[in-house]
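*Asks:* Contents of input_23.pdb (PDB, C-alpha atoms and all ligand atoms):
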ATOM      1  CA  THR A   1       0.000   0.000   0.000
ATOM      2  CA  SER A   2       1.215   3.498  -0.769
ATOM      3  CA  PRO A   3       1.963   5.878   2.105
ATOM      4  CA  PRO A   4      -0.659   8.527   2.956
ATOM      5  CA  VAL A   5       1.890  11.315   2.372
ATOM      6  CA  ARG A   6       5.301  11.509   0.736
ATOM      7  CA  TYR A   7       7.295  13.170   3.521
ATOM      8  CA  LEU A   8       7.618  13.132   7.270
ATOM      9  CA  LEU A   9       9.989  15.267   9.285
ATOM     10  CA  HIS A  10      12.858  13.952  11.383
ATOM     11  CA  ASP A  11      14.710  16.556  13.454
ATOM     12  CA  GLY A  12      13.676  19.185  10.977
ATOM     13  CA  GLU A  13      14.725  17.238   7.854
ATOM     14  CA  LEU A  14      12.284  15.877   5.292
ATOM     15  CA  ILE A  15      12.405  12.092   5.107
ATOM     16  CA  ASP A  16      10.385   9.591   3.132
ATOM     17  CA  TYR A  17       7.398   8.173   4.988
ATOM     18  CA  ALA A  18       8.948   4.700   5.050
ATOM     19  CA  ASP A  19      12.215   5.931   6.575
ATOM     20  CA  ALA A  20      10.946   7.049   9.996
ATOM     21  CA  ARG A  21      12.686   4.686  12.381
ATOM     22  CA  LEU A  22      13.593   4.366  16.030
ATOM     23  CA  HIS A  23      16.040   1.836  17.461
ATOM     24  CA  VAL A  24      14.275  -1.114  19.103
ATOM     25  CA  LEU A  25      16.568  -0.816  22.120
ATOM     26  CA  SER A  26      15.914   2.896  22.610
ATOM     27  CA  THR A  27      14.730   4.254  25.950
ATOM     28  CA  THR A  28      11.438   5.029  24.230
ATOM     29  CA  THR A  29      10.696   1.515  23.042
ATOM     30  CA  LYS A  30      12.037  -0.167  26.167
ATOM     31  CA  TYR A  31      10.436   2.052  28.787
ATOM     32  CA  GLY A  32       7.713   4.041  27.070
ATOM     33  CA  VAL A  33       9.512   7.361  27.426
ATOM     34  CA  GLY A  34       8.200   9.893  24.952
ATOM     35  CA  VAL A  35       5.805  12.791  24.527
ATOM     36  CA  PHE A  36       3.637  13.932  21.668
ATOM     37  CA  GLU A  37       1.015  16.265  20.327
ATOM     38  CA  GLY A  38      -1.827  15.357  17.986
ATOM     39  CA  PHE A  39      -3.964  18.114  16.482
ATOM     40  CA  ARG A  40      -5.624  19.347  13.335
ATOM     41  CA  ALA A  41      -5.491  21.739  10.433
ATOM     42  CA  TYR A  42      -8.703  22.696   8.626
ATOM     43  CA  TRP A  43      -9.237  23.587   5.029
ATOM     44  CA  ASN A  44     -11.446  26.663   4.557
ATOM     45  CA  ASP A  45     -13.104  26.556   1.159
ATOM     46  CA  GLU A  46     -14.279  30.170   1.249
ATOM     47  CA  ASP A  47     -10.819  31.687   1.334
ATOM     48  CA  GLY A  48      -8.890  28.713  -0.051
ATOM     49  CA  GLU A  49      -6.596  28.500   2.950
ATOM     50  CA  LEU A  50      -5.511  25.756   5.327
ATOM     51  CA  TYR A  51      -5.493  26.720   9.002
ATOM     52  CA  ALA A  52      -3.457  24.977  11.698
ATOM     53  CA  PHE A  53      -5.433  25.203  14.937
ATOM     54  CA  ARG A  54      -3.652  26.527  18.035
ATOM     55  CA  ILE A  55      -0.307  25.241  16.809
ATOM     56  CA  GLU A  56       1.751  27.366  19.185
ATOM     57  CA  ASP A  57      -0.329  26.187  22.151
ATOM     58  CA  HIS A  58       0.271  22.595  21.124
ATOM     59  CA  MET A  59       4.002  23.187  20.805
ATOM     60  CA  ARG A  60       4.017  24.860  24.213
ATOM     61  CA  ARG A  61       2.313  21.804  25.729
ATOM     62  CA  LEU A  62       4.833  19.553  23.980
ATOM     63  CA  VAL A  63       7.655  21.456  25.665
ATOM     64  CA  ASP A  64       5.790  21.279  29.008
ATOM     65  CA  SER A  65       5.423  17.533  28.531
ATOM     66  CA  MET A  66       9.167  17.190  27.935
ATOM     67  CA  ARG A  67       9.893  19.102  31.128
ATOM     68  CA  VAL A  68       7.575  16.942  33.190
ATOM     69  CA  VAL A  69       8.884  13.596  31.928
ATOM     70  CA  GLU A  70      12.477  14.901  31.704
ATOM     71  CA  ILE A  71      13.382  14.695  28.051
ATOM     72  CA  ASP A  72      16.064  17.134  26.889
ATOM     73  CA  GLY A  73      14.515  18.130  23.597
ATOM     74  CA  PRO A  74      13.932  21.333  21.663
ATOM     75  CA  THR A  75      12.266  24.208  23.515
ATOM     76  CA  ASP A  76      11.762  26.760  20.735
ATOM     77  CA  THR A  77       8.012  26.509  20.157
ATOM     78  CA  ALA A  78       7.983  28.934  17.219
ATOM     79  CA  ALA A  79      10.721  26.940  15.482
ATOM     80  CA  LEU A  80       8.828  23.677  16.021
ATOM     81  CA  ALA A  81       5.641  25.205  14.669
ATOM     82  CA  GLY A  82       7.515  26.547  11.651
ATOM     83  CA  GLN A  83       8.930  23.108  10.851
ATOM     84  CA  LEU A  84       5.492  21.543  10.909
ATOM     85  CA  ILE A  85       4.052  24.255   8.636
ATOM     86  CA  GLY A  86       6.989  23.628   6.278
ATOM     87  CA  LEU A  87       6.211  19.911   6.225
ATOM     88  CA  ILE A  88       2.604  20.558   5.191
ATOM     89  CA  GLN A  89       3.820  22.860   2.429
ATOM     90  CA  ALA A  90       6.367  20.278   1.246
ATOM     91  CA  ASN A  91       3.591  17.697   0.929
ATOM     92  CA  GLU A  92       1.350  20.312  -0.747
ATOM     93  CA  LEU A  93      -1.610  19.253   1.373
ATOM     94  CA  ARG A  94      -4.873  21.123   0.893
ATOM     95  CA  SER A  95      -7.447  19.231   2.979
ATOM     96  CA  ASN A  96      -8.302  18.635   6.629
ATOM     97  CA  LEU A  97      -5.245  17.205   8.347
ATOM     98  CA  HIS A  98      -4.217  15.470  11.512
ATOM     99  CA  MET A  99      -0.754  16.473  12.627
ATOM    100  CA  ARG A 100       1.554  14.775  15.050
ATOM    101  CA  THR A 101       4.720  15.896  16.741
ATOM    102  CA  GLN A 102       6.496  13.152  18.670
ATOM    103  CA  VAL A 103       9.598  13.402  20.803
ATOM    104  CA  PHE A 104      11.448  10.196  21.569
ATOM    105  CA  VAL A 105      14.645   9.229  23.364
ATOM    106  CA  ASP A 106      16.649   7.278  20.851
ATOM    107  CA  SER A 107      19.800   5.485  21.870
ATOM    108  CA  PRO A 108      20.981   2.051  20.766
ATOM    109  CA  ASP A 109      21.062   0.825  24.377
ATOM    110  CA  GLY A 110      18.575   2.967  26.255
ATOM    111  CA  LYS A 111      18.574   3.261  30.041
ATOM    112  CA  PRO A 112      15.356   4.072  31.887
ATOM    113  CA  ASP A 113      16.741   7.376  33.181
ATOM    114  CA  ASP A 114      18.197   8.608  29.892
ATOM    115  CA  THR A 115      16.897  12.091  29.124
ATOM    116  CA  GLY A 116      18.371  12.162  25.599
ATOM    117  CA  PRO A 117      19.304  12.066  22.828
ATOM    118  CA  ALA A 118      15.895  13.437  21.953
ATOM    119  CA  THR A 119      14.643  13.002  18.438
ATOM    120  CA  VAL A 120      11.599  14.696  16.918
ATOM    121  CA  PHE A 121       9.310  13.225  14.299
ATOM    122  CA  MET A 122       6.471  15.161  12.708
ATOM    123  CA  ALA A 123       3.651  14.054  10.459
ATOM    124  CA  ALA A 124       0.712  15.773   8.768
ATOM    125  CA  ILE A 125      -1.782  13.385   7.241
ATOM    126  CA  PRO A 126      -5.256  13.876   5.736
ATOM    127  CA  MET A 127      -7.923  12.871   8.242
ATOM    128  CA  GLY A 128     -11.714  12.990   8.369
ATOM    129  CA  ASN A 129     -13.950  12.494  11.373
ATOM    130  CA  TYR A 130     -12.675  10.569  14.359
ATOM    131  CA  PHE A 131     -16.123   9.507  15.486
ATOM    132  CA  GLY A 132     -19.307   9.182  13.428
ATOM    133  CA  ALA A 133     -21.867  11.956  13.821
ATOM    134  CA  THR A 134     -24.328   9.690  15.623
ATOM    135  CA  GLY A 135     -23.213  10.383  19.176
ATOM    136  CA  LEU A 136     -21.444   8.162  21.645
ATOM    137  CA  ASP A 137     -22.661   5.476  24.001
ATOM    138  CA  VAL A 138     -20.153   5.635  26.799
ATOM    139  CA  GLN A 139     -19.307   3.314  29.611
ATOM    140  CA  ILE A 140     -17.894   4.442  32.929
ATOM    141  CA  SER A 141     -14.742   2.385  33.033
ATOM    142  CA  SER A 142     -13.770   0.025  35.797
ATOM    143  CA  TRP A 143     -10.249   1.376  35.252
ATOM    144  CA  ALA A 144      -9.418   4.529  37.234
ATOM    145  CA  ARG A 145      -7.817   7.478  35.445
ATOM    146  CA  LEU A 146      -4.135   7.448  36.328
ATOM    147  CA  SER A 147      -3.393   9.815  39.173
ATOM    148  CA  ASP A 148      -0.801  12.547  39.512
ATOM    149  CA  ARG A 149       0.689  10.511  42.373
ATOM    150  CA  ALA A 150       1.717   7.868  39.844
ATOM    151  CA  MET A 151       1.944   9.430  36.395
ATOM    152  CA  PRO A 152       1.539  12.946  34.989
ATOM    153  CA  PRO A 153      -2.015  12.993  33.573
ATOM    154  CA  ARG A 154      -1.893  16.680  32.591
ATOM    155  CA  VAL A 155       0.729  16.168  29.889
ATOM    156  CA  LYS A 156       0.983  13.957  26.829
ATOM    157  CA  SER A 157       3.386  11.266  27.946
ATOM    158  CA  ILE A 158       3.023   8.256  25.659
ATOM    159  CA  ALA A 159       3.133   5.912  28.651
ATOM    160  CA  ASN A 160      -0.129   7.434  29.921
ATOM    161  CA  TYR A 161      -1.965   6.046  26.934
ATOM    162  CA  GLN A 162      -2.100   2.476  28.182
ATOM    163  CA  ASN A 163      -4.612   3.765  30.744
ATOM    164  CA  GLY A 164      -7.167   5.031  28.236
ATOM    165  CA  ARG A 165      -6.456   2.116  25.931
ATOM    166  CA  LEU A 166      -7.482  -0.423  28.560
ATOM    167  CA  ALA A 167     -10.637   1.556  29.257
ATOM    168  CA  LEU A 168     -11.496   1.723  25.552
ATOM    169  CA  LEU A 169     -10.897  -1.986  25.018
ATOM    170  CA  GLU A 170     -13.108  -2.781  27.983
ATOM    171  CA  ALA A 171     -15.842  -0.469  26.716
ATOM    172  CA  LYS A 172     -15.776  -1.946  23.223
ATOM    173  CA  ARG A 173     -15.795  -5.485  24.586
ATOM    174  CA  ASN A 174     -18.944  -4.525  26.473
ATOM    175  CA  GLY A 175     -20.609  -3.066  23.392
ATOM    176  CA  TYR A 176     -20.013   0.657  24.031
ATOM    177  CA  GLY A 177     -18.425   3.167  21.682
ATOM    178  CA  ALA A 178     -16.257   5.041  24.181
ATOM    179  CA  ALA A 179     -15.134   5.115  27.803
ATOM    180  CA  LEU A 180     -15.022   7.710  30.534
ATOM    181  CA  LEU A 181     -12.692   7.211  33.467
ATOM    182  CA  LEU A 182     -13.180   8.276  37.074
ATOM    183  CA  THR A 183     -10.417   9.508  39.339
ATOM    184  CA  GLU A 184      -9.189   7.297  42.177
ATOM    185  CA  SER A 185     -11.619   9.193  44.416
ATOM    186  CA  GLY A 186     -14.553   8.600  42.094
ATOM    187  CA  HIS A 187     -14.907  11.917  40.283
ATOM    188  CA  VAL A 188     -15.395  12.150  36.549
ATOM    189  CA  ALA A 189     -12.001  12.685  34.893
ATOM    190  CA  GLU A 190     -12.009  12.267  31.128
ATOM    191  CA  GLY A 191     -12.084   9.758  28.295
ATOM    192  CA  ALA A 192      -9.483   7.931  26.249
ATOM    193  CA  GLY A 193      -8.363  10.939  24.217
ATOM    194  CA  TYR A 194     -10.979  13.551  25.087
ATOM    195  CA  ASN A 195     -12.139  15.767  27.922
ATOM    196  CA  VAL A 196     -15.741  15.763  29.065
ATOM    197  CA  PHE A 197     -18.381  18.420  29.699
ATOM    198  CA  MET A 198     -21.950  18.234  30.925
ATOM    199  CA  VAL A 199     -24.836  20.676  30.869
ATOM    200  CA  ARG A 200     -26.952  20.564  33.969
ATOM    201  CA  GLN A 201     -29.656  23.078  34.846
ATOM    202  CA  GLY A 202     -28.363  25.447  32.173
ATOM    203  CA  ARG A 203     -24.799  25.498  33.423
ATOM    204  CA  LEU A 204     -21.826  24.100  31.554
ATOM    205  CA  CYS A 205     -19.600  22.004  33.823
ATOM    206  CA  THR A 206     -16.226  20.353  33.354
ATOM    207  CA  PRO A 207     -13.704  18.977  35.843
ATOM    208  CA  PRO A 208     -10.795  21.195  36.907
ATOM    209  CA  SER A 209      -7.288  20.437  35.700
ATOM    210  CA  THR A 210      -6.437  19.020  39.127
ATOM    211  CA  GLU A 211      -8.793  16.053  38.546
ATOM    212  CA  SER A 212      -6.287  13.812  36.733
ATOM    213  CA  ILE A 213      -7.101  15.167  33.293
ATOM    214  CA  LEU A 214      -5.027  16.158  30.337
ATOM    215  CA  GLU A 215      -5.128  19.956  30.110
ATOM    216  CA  GLY A 216      -6.975  19.831  26.834
ATOM    217  CA  ILE A 217      -6.647  22.631  24.342
ATOM    218  CA  THR A 218     -10.097  21.890  22.912
ATOM    219  CA  ARG A 219     -11.475  22.036  26.453
ATOM    220  CA  ASP A 220      -9.948  25.481  26.780
ATOM    221  CA  SER A 221     -11.339  26.535  23.388
ATOM    222  CA  VAL A 222     -14.815  25.324  24.328
ATOM    223  CA  LEU A 223     -14.678  27.185  27.642
ATOM    224  CA  GLN A 224     -13.688  30.409  25.895
ATOM    225  CA  LEU A 225     -16.333  30.002  23.178
ATOM    226  CA  ALA A 226     -19.027  29.156  25.729
ATOM    227  CA  THR A 227     -18.379  32.223  27.847
ATOM    228  CA  THR A 228     -17.617  34.810  25.146
ATOM    229  CA  GLN A 229     -19.926  33.716  22.319
ATOM    230  CA  LEU A 230     -22.829  32.139  24.214
ATOM    231  CA  GLY A 231     -22.579  33.982  27.521
ATOM    232  CA  LEU A 232     -22.945  30.682  29.345
ATOM    233  CA  ASP A 233     -22.301  30.210  33.021
ATOM    234  CA  VAL A 234     -19.443  27.764  33.421
ATOM    235  CA  ASP A 235     -18.566  25.698  36.473
ATOM    236  CA  ILE A 236     -15.126  24.186  36.590
ATOM    237  CA  ARG A 237     -15.632  21.825  39.482
ATOM    238  CA  PRO A 238     -15.441  18.155  40.436
ATOM    239  CA  ILE A 239     -18.257  16.092  38.903
ATOM    240  CA  ASP A 240     -19.785  12.947  40.396
ATOM    241  CA  ARG A 241     -20.677   9.937  38.297
ATOM    242  CA  THR A 242     -24.372  10.217  39.098
ATOM    243  CA  GLU A 243     -24.461  13.808  37.890
ATOM    244  CA  LEU A 244     -23.740  12.422  34.448
ATOM    245  CA  TYR A 245     -26.766  10.144  34.665
ATOM    246  CA  SER A 246     -28.968  13.155  35.330
ATOM    247  CA  ALA A 247     -27.258  15.592  32.939
ATOM    248  CA  ASP A 248     -29.270  17.373  30.243
ATOM    249  CA  GLU A 249     -26.392  17.201  27.778
ATOM    250  CA  ILE A 250     -22.938  15.623  27.757
ATOM    251  CA  PHE A 251     -20.206  15.973  25.211
ATOM    252  CA  VAL A 252     -16.588  15.001  24.846
ATOM    253  CA  CYS A 253     -13.977  17.103  23.102
ATOM    254  CA  GLY A 254     -10.450  16.822  21.831
ATOM    255  CA  SER A 255      -8.339  17.852  18.876
ATOM    256  CA  ALA A 256      -9.041  14.588  17.078
ATOM    257  CA  ALA A 257     -12.493  13.956  18.608
ATOM    258  CA  GLU A 258     -13.624  17.598  18.081
ATOM    259  CA  VAL A 259     -16.940  18.226  19.896
ATOM    260  CA  ASN A 260     -18.988  15.052  20.006
ATOM    261  CA  HIS A 261     -22.197  14.460  21.906
ATOM    262  CA  VAL A 262     -22.829  11.581  24.259
ATOM    263  CA  THR A 263     -26.122   9.743  23.793
ATOM    264  CA  SER A 264     -25.923   7.492  26.848
ATOM    265  CA  VAL A 265     -23.829   6.777  29.922
ATOM    266  CA  ASP A 266     -23.899   3.192  31.180
ATOM    267  CA  ARG A 267     -27.006   2.798  28.977
ATOM    268  CA  THR A 268     -28.787   5.663  30.739
ATOM    269  CA  LYS A 269     -30.092   7.944  27.994
ATOM    270  CA  ILE A 270     -28.837  11.510  27.829
ATOM    271  CA  GLY A 271     -31.308  13.967  26.316
ATOM    272  CA  ASP A 272     -33.422  12.155  23.736
ATOM    273  CA  GLY A 273     -30.771   9.471  23.442
ATOM    274  CA  SER A 274     -29.894  10.330  19.858
ATOM    275  CA  ALA A 275     -29.508  14.000  18.852
ATOM    276  CA  ALA A 276     -27.036  16.509  20.286
ATOM    277  CA  GLY A 277     -28.662  18.927  22.737
ATOM    278  CA  PRO A 278     -29.030  22.645  21.973
ATOM    279  CA  ILE A 279     -25.930  23.873  23.821
ATOM    280  CA  THR A 280     -23.761  21.074  22.445
ATOM    281  CA  SER A 281     -24.986  21.847  18.917
ATOM    282  CA  ARG A 282     -24.146  25.536  19.272
ATOM    283  CA  LEU A 283     -20.690  24.709  20.596
ATOM    284  CA  GLN A 284     -20.111  22.263  17.728
ATOM    285  CA  GLU A 285     -20.947  25.019  15.242
ATOM    286  CA  LEU A 286     -18.816  27.594  17.006
ATOM    287  CA  TYR A 287     -15.888  25.202  17.188
ATOM    288  CA  ALA A 288     -16.222  24.358  13.485
ATOM    289  CA  ASP A 289     -16.139  28.098  12.729
ATOM    290  CA  ALA A 290     -13.274  28.865  15.093
ATOM    291  CA  VAL A 291     -10.964  26.205  13.660
ATOM    292  CA  ARG A 292     -11.501  27.610  10.158
ATOM    293  CA  GLY A 293     -10.637  31.125  11.207
ATOM    294  CA  ARG A 294     -14.210  32.382  10.920
ATOM    295  CA  ILE A 295     -14.496  33.956  14.384
ATOM    296  CA  ALA A 296     -12.663  37.276  14.390
ATOM    297  CA  ASP A 297     -12.173  37.327  18.182
ATOM    298  CA  PHE A 298     -10.263  34.058  17.911
ATOM    299  CA  GLY A 299      -8.252  34.791  14.786
ATOM    300  CA  HIS A 300      -5.111  34.294  16.871
ATOM    301  CA  TRP A 301      -5.999  30.593  17.256
ATOM    302  CA  VAL A 302      -5.374  29.820  13.584
ATOM    303  CA  THR A 303      -2.179  29.894  11.568
ATOM    304  CA  PRO A 304      -2.586  30.073   7.794
ATOM    305  CA  VAL A 305      -0.359  27.430   6.228
ATOM    306  CA  TYR A 306       0.002  28.971   2.784
ATOM    307  CA  GLY A 307      -0.179  32.579   3.902
ATOM    308  CA  THR A 308      -2.762  33.676   1.389
TER
HETATM  309  N1  LIG B 401      -7.467  13.765  27.223
HETATM  310  C1  LIG B 401      -6.584  12.914  26.680
HETATM  311  C2  LIG B 401      -6.123  11.773  27.492
HETATM  312  C3  LIG B 401      -6.127  13.126  25.374
HETATM  313  O1  LIG B 401      -5.249  12.277  24.829
HETATM  314  C4  LIG B 401      -6.610  14.204  24.633
HETATM  315  C5  LIG B 401      -6.177  14.409  23.213
HETATM  316  N2  LIG B 401      -4.993  15.148  23.123
HETATM  317  C6  LIG B 401      -7.511  15.076  25.246
HETATM  318  C7  LIG B 401      -7.928  14.825  26.550
HETATM  319  C8  LIG B 401      -7.996  16.319  24.547
HETATM  320  O2  LIG B 401      -6.923  17.237  24.461
HETATM  321  P1  LIG B 401      -6.813  18.274  23.284
HETATM  322  O3  LIG B 401      -8.095  19.000  23.240
HETATM  323  O4  LIG B 401      -5.679  19.156  23.668
HETATM  324  O5  LIG B 401      -6.566  17.510  22.058
END
Is it possible to express this structure as structure tokens?

*Replies:*
Amino acid sequence: TSPPVRYLLHDGELIDYADARLHVLSTTTKYGVGVFEGFRAYWNDEDGELYAFRIEDHMRRLVDSMRVVEIDGPTDTAALAGQLIGLIQANELRSNLHMRTQVFVDSPDGKPDDTGPATVFMAAIPMGNYFGATGLDVQISSWARLSDRAMPPRVKSIANYQNGRLALLEAKRNGYGAALLLTESGHVAEGAGYNVFMVRQGRLCTPPSTESILEGITRDSVLQLATTQLGLDVDIRPIDRTELYSADEIFVCGSAAEVNHVTSVDRTKIGDGSAAGPITSRLQELYADAVRGRIADFGHWVTPVYGT
């Protein structure tokens, strides 16, 4: 099968898709040491431009992730962003994209406490929807979200991803489409690759960043859109499991997942059990506009790739 794109980037150099390699005895492959970002660029048909969404914020979080897991990698966020834009241009991509920036520790005989040599791979690949538009039936996982006492949930350490993976496998085995994880103390944390919001009695609620969640950039975008564009009251507070069962609306959000509504939790229907609720629908529309550079107040969120 042919590769989805011609080039990837390795430490700033274009390489062929097939040539992106890491040593099998590296610290990354032996011990799961690595950090990454995954996010999107959106093609806007009206102005014929491709917009990378919050690229500098993603690069900043990548650098934060490196600090937390102690990888001595690049720290110049503008330079990293520029490389990724250059990669998209080199591949001449003009459609919706998913982009990845991954920092690994590559050494032929990696030790668990090696902090380098760091190596950076980047990819930008055409990507459509992550979920269908039909809404998600979610299961509250029997796995707890990993806690900050054990692992750093707020950053994108690759080792964290076994946690959500186990929850997702369990959910799928049980006939659900997605999983939500609770903290060790039983509060709602997040899903396997997305943060969670609920609407209850007209208020938009999401857990605070101290509840074992990744500090999601989509979560932040949704919070800003909800307050500035919809004038909604927002509560950032711990959420109990049973609040979800009695929520008027629930949605999950993430760079890949975008804003996706939840139709049931543990088979308890949310809303009418099929359509997105009114607040979720408005936020989906606003998010779709924001990522394409259509909301003037949030023009700083998008970076035009071709500079038209
Ligand atoms: N939680 C986890 C565990 C994730 O992997 C992601 C995806 N990066 C999110 C939440 C959503 O974060 P963001 O909106 O920054 O993509």

*Asks:* When the PyMOL selection byres (((chain A and resi 175-185) around 10) and not hetatm) is applied to the file above, which residues end up in the set, as a tab-separated table (two decimals) with C-alpha atoms, in the frame of the given file?

*Replies:*
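Listed below is the output, selection.tsv:
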chain	number	residue	atom	x	y	z
A	131	PHE	CA	-16.12	9.51	15.49
A	135	GLY	CA	-23.21	10.38	19.18
A	136	LEU	CA	-21.44	8.16	21.64
A	137	ASP	CA	-22.66	5.48	24.00
A	138	VAL	CA	-20.15	5.64	26.80
A	139	GLN	CA	-19.31	3.31	29.61
A	140	ILE	CA	-17.89	4.44	32.93
A	141	SER	CA	-14.74	2.38	33.03
A	142	SER	CA	-13.77	0.02	35.80
A	143	TRP	CA	-10.25	1.38	35.25
A	144	ALA	CA	-9.42	4.53	37.23
A	145	ARG	CA	-7.82	7.48	35.44
A	146	LEU	CA	-4.14	7.45	36.33
A	147	SER	CA	-3.39	9.82	39.17
A	163	ASN	CA	-4.61	3.76	30.74
A	164	GLY	CA	-7.17	5.03	28.24
A	165	ARG	CA	-6.46	2.12	25.93
A	166	LEU	CA	-7.48	-0.42	28.56
A	167	ALA	CA	-10.64	1.56	29.26
A	168	LEU	CA	-11.50	1.72	25.55
A	169	LEU	CA	-10.90	-1.99	25.02
A	170	GLU	CA	-13.11	-2.78	27.98
A	171	ALA	CA	-15.84	-0.47	26.72
A	172	LYS	CA	-15.78	-1.95	23.22
A	173	ARG	CA	-15.80	-5.48	24.59
A	174	ASN	CA	-18.94	-4.53	26.47
A	186	GLY	CA	-14.55	8.60	42.09
A	187	HIS	CA	-14.91	11.92	40.28
A	188	VAL	CA	-15.40	12.15	36.55
A	189	ALA	CA	-12.00	12.68	34.89
A	190	GLU	CA	-12.01	12.27	31.13
A	191	GLY	CA	-12.08	9.76	28.30
A	192	ALA	CA	-9.48	7.93	26.25
A	193	GLY	CA	-8.36	10.94	24.22
A	194	TYR	CA	-10.98	13.55	25.09
A	195	ASN	CA	-12.14	15.77	27.92
A	196	VAL	CA	-15.74	15.76	29.06
A	211	GLU	CA	-8.79	16.05	38.55
A	212	SER	CA	-6.29	13.81	36.73
A	213	ILE	CA	-7.10	15.17	33.29
A	239	ILE	CA	-18.26	16.09	38.90
A	240	ASP	CA	-19.78	12.95	40.40
A	241	ARG	CA	-20.68	9.94	38.30
A	252	VAL	CA	-16.59	15.00	24.85
A	262	VAL	CA	-22.83	11.58	24.26
A	264	SER	CA	-25.92	7.49	26.85
A	265	VAL	CA	-23.83	6.78	29.92
A	266	ASP	CA	-23.90	3.19	31.18
A	267	ARG	CA	-27.01	2.80	28.98

*Asks:* Return as JSON the box centre and box size in Å, one decimal, for an axis-aligned box around all listed atoms of region 148-159 of chain A padded by 3 Å per side.

*Replies:*
{"center_x": 0.7, "center_y": 11.3, "center_z": 34.0, "size_x": 11.4, "size_y": 16.8, "size_z": 22.7}

*Asks:* I want to know what sits within 8 Å of region 111-128 of chain A, based on all atoms listed in the file, with residues of the same chain fewer than 2 positions away left out; could you give that as a VMD selection string?

*Replies:* chain A and resid 4 to 5 7 to 12 20 26 to 27 30 to 31 70 to 73 84 87 to 88 93 95 to 107 109 130

*Asks:* Please return as an NGL selection string the residues found within 8 Å of ligand LIG 401 (chain B), counting only C-alpha atoms and all ligand atoms.

*Replies:* :A and (37-39 or 58 or 153 or 156 or 160-161 or 164 or 190-195 or 213-220 or 253-258)

*Asks:* Could you tell me how far CA of Gly293 (chain A) sits from CA of Ala41 (chain A), in Å to one decimal place?

*Replies:*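 Between CA of Ala41 (chain A) and CA of Gly293 (chain A) the gap works out to 10.7 Å.
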
*Asks:* Quick one: of A:Ala275, A:Ile295, A:Cys205, A:Ile250, who's nearest to Leu225 (chain A), counting all atoms listed in the file?

*Replies:*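 With all atoms listed in the file as the atom set, the closest residue is A:Ile295.
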
*Asks:* Within 10 Å of Arg6 (chain A), counting all atoms listed in the file, which residues show up once you throw out same-chain ones fewer than 2 positions away? Write them as a list in words, please.

*Replies:*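 Listed by chain and then number, they are Ser2, Pro3, Pro4, Leu8, Leu14, Ile15, Asp16, Tyr17, Ala18, Ala90, Asn91, Glu92 and Ile125 of chain A.
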
*Asks:* Just the selected residues (C-alpha atoms), exported as an mmCIF file, keeping the file's coordinate frame, please.

*Replies:*
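Output file result01.cif follows:
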data_model
loop_
_atom_site.group_PDB
_atom_site.id
_atom_site.type_symbol
_atom_site.label_atom_id
_atom_site.label_comp_id
_atom_site.auth_asym_id
_atom_site.auth_seq_id
_atom_site.Cartn_x
_atom_site.Cartn_y
_atom_site.Cartn_z
ATOM 1 C CA SER A 2 1.215 3.498 -0.769
ATOM 2 C CA PRO A 3 1.963 5.878 2.105
ATOM 3 C CA PRO A 4 -0.659 8.527 2.956
ATOM 4 C CA LEU A 8 7.618 13.132 7.270
ATOM 5 C CA LEU A 14 12.284 15.877 5.292
ATOM 6 C CA ILE A 15 12.405 12.092 5.107
ATOM 7 C CA ASP A 16 10.385 9.591 3.132
ATOM 8 C CA TYR A 17 7.398 8.173 4.988
ATOM 9 C CA ALA A 18 8.948 4.700 5.050
ATOM 10 C CA ALA A 90 6.367 20.278 1.246
ATOM 11 C CA ASN A 91 3.591 17.697 0.929
ATOM 12 C CA GLU A 92 1.350 20.312 -0.747
ATOM 13 C CA ILE A 125 -1.782 13.385 7.241
#

*Asks:* Take the PyMOL selection byres (((chain A and resi 74-79) around 8) and not hetatm), run it mentally on this structure, and tell me the resulting residues as a ChimeraX atom specification.

*Replies:* /A:56,59-60,63,72-73,80-83

*Asks:* Name every residue that the PyMOL selection byres (((chain A and resi 200) around 8) and not hetatm) selects in this structure, writing the answer as JSON, numbers by chain with chains first and numbers rising.

*Replies:* {"A": [198, 199, 201, 202, 203, 204, 205, 246, 247, 248, 249]}

*Asks:* With C-alpha atoms retained, export the selected residues as a PDB file, in the coordinates of the input.

*Replies:*
ATOM      1  CA  MET A 198     -21.950  18.234  30.925  1.00  0.00           C
ATOM      2  CA  VAL A 199     -24.836  20.676  30.869  1.00  0.00           C
ATOM      3  CA  GLN A 201     -29.656  23.078  34.846  1.00  0.00           C
ATOM      4  CA  GLY A 202     -28.363  25.447  32.173  1.00  0.00           C
ATOM      5  CA  ARG A 203     -24.799  25.498  33.423  1.00  0.00           C
ATOM      6  CA  LEU A 204     -21.826  24.100  31.554  1.00  0.00           C
ATOM      7  CA  CYS A 205     -19.600  22.004  33.823  1.00  0.00           C
ATOM      8  CA  SER A 246     -28.968  13.155  35.330  1.00  0.00           C
ATOM      9  CA  ALA A 247     -27.258  15.592  32.939  1.00  0.00           C
ATOM     10  CA  ASP A 248     -29.270  17.373  30.243  1.00  0.00           C
ATOM     11  CA  GLU A 249     -26.392  17.201  27.778  1.00  0.00           C
TER      12      GLU A 249
END
